[in-house]
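Everything on this sheet refers to the single structure shown next.
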Amino acid sequence: MSLSLSFRTVAVSAVLAGTAVSASAAGIAIPVNAFVANSVQDFSIEANANFRQVGIQVSAKGTAYANADKTNSFTLPVTSISISPLLKILSGTAVGSALQFDRIAEDEETGEEVPTRLTLANFTINYTTKQVLADATPMGGATTKQVPIFNFQTLTPLGLKYKFPLNITGHEVLGDLALTPEAKNLYKVTLKLPTFVWPLLDTLRFGTLTQDISTKLRSTPISTKPYVPAP
């Protein structure tokens, strides 16, 4: 057994010892909302510049929160992970976290200002398809569950460190976040983006997702209630 797999075994064993797990065809689901485990979305300089250009404002909702030291940087508490029988991480979820995108658009016929909004919530990182998914809700519209939002590349593979007696930490960076076709359409239609920025959606990279996990307990477990935008 490799050292990496040994660490994974210890980490999983530590989590299993204090949590209830469930098994399905999608893997073994392990709740980690009681542990200090976070995913940080850092939007790129290019993404932020384009947000400003078209008047998009991003805010944290639910259990997510903004990081004051960076522009458009948000922490999404991880609530569960899913592993295979061989202890390979299949997915991670941040249920309850949401990012809200607001923009004042201009009605093409009347010229009047029209508020628009897109809420992405209850995020999933799917390591099999290398995609980030989320529930997508337009202002006043119905929610579409788990829409693929980003394709990603692994910049820093998950590295687990063990410190006696049972302290496990892990660090991972995912980058080259590119909008999926579904997400491009969401942004275009829901936020009524001007047509001159549509080509940018094909090439723009939206930053990084950094996962830091540990077996340290939170003072209060994170809620696992899915975030639902207000009507």
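We label chains A, B, ... in the order they appear in the structure tokens, count residues from 1 in each chain, and number ligands from 1 in the order shown.
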Can you list, as a ChimeraX atom specification, every protein, DNA or RNA residue that comes within 12 Å of stretch 179-191 of chain A when you count only C-alpha atoms, leaving out same-chain residues fewer than 3 positions away? /A:47,51,54-57,100-107,114-120,129-144,146-152,175-176,194-207
DSSP on the backbone, then: every residue of stretch 125-204 of chain A marked strand (DSSP E), written as a tab-separated table (two decimals) with C-alpha atoms, in the first residue's frame.
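Output file result25.tsv is given in full below:
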chain	number	residue	atom	x	y	z
A	125	ILE	CA	-17.19	18.95	-7.36
A	126	ASN	CA	-17.35	15.85	-9.55
A	131	GLN	CA	-16.81	19.52	-13.38
A	132	VAL	CA	-18.32	21.83	-10.78
A	133	LEU	CA	-22.11	21.61	-10.59
A	134	ALA	CA	-24.71	23.74	-8.82
A	135	ASP	CA	-28.44	24.35	-8.53
A	136	ALA	CA	-29.19	27.30	-10.83
A	137	THR	CA	-32.06	29.72	-10.19
A	138	PRO	CA	-32.90	32.83	-12.25
A	144	THR	CA	-32.61	23.56	-12.23
A	145	LYS	CA	-30.78	21.02	-10.10
A	146	GLN	CA	-27.05	20.40	-10.46
A	147	VAL	CA	-26.25	22.17	-13.68
A	148	PRO	CA	-22.62	21.74	-14.86
A	149	ILE	CA	-21.07	25.18	-14.33
A	150	PHE	CA	-17.31	24.80	-14.72
A	151	ASN	CA	-14.91	22.35	-16.29
A	152	PHE	CA	-11.65	22.27	-14.33
A	153	GLN	CA	-8.07	21.05	-14.33
A	154	THR	CA	-6.18	19.84	-11.26
A	155	LEU	CA	-3.34	22.24	-10.47
A	156	THR	CA	-2.34	20.76	-7.11
A	157	PRO	CA	-3.49	17.17	-6.46
A	158	LEU	CA	-4.94	16.41	-3.06
A	159	GLY	CA	-2.10	15.93	-0.60
A	160	LEU	CA	-2.88	14.52	2.82
A	161	LYS	CA	-0.65	15.02	5.85
A	162	TYR	CA	-0.81	13.06	9.07
A	163	LYS	CA	0.31	14.28	12.49
A	167	ASN	CA	-4.65	15.00	12.93
A	168	ILE	CA	-5.24	14.86	9.19
A	169	THR	CA	-5.02	17.83	6.83
A	170	GLY	CA	-5.44	17.96	3.07
A	171	HIS	CA	-4.82	20.61	0.41
A	172	GLU	CA	-5.88	20.74	-3.24
A	173	VAL	CA	-6.12	23.40	-5.95
A	174	LEU	CA	-8.36	23.17	-9.01
A	175	GLY	CA	-7.99	25.75	-11.75
A	176	ASP	CA	-8.52	26.70	-15.38
A	177	LEU	CA	-12.22	27.06	-14.52
A	178	ALA	CA	-14.06	27.31	-17.84
A	179	LEU	CA	-17.79	27.73	-18.31
Within 6 Å of stretch 77-81 of chain A, counting only C-alpha atoms, which residues qualify if same-chain residues fewer than 5 places away don't, as a VMD selection string? chain A and resid 29 to 33 37 to 38 91 to 94
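The interatomic distance for the pair atom CA of A:Ser73 and atom CA of A:Pro231 works out to 25.9 Å.
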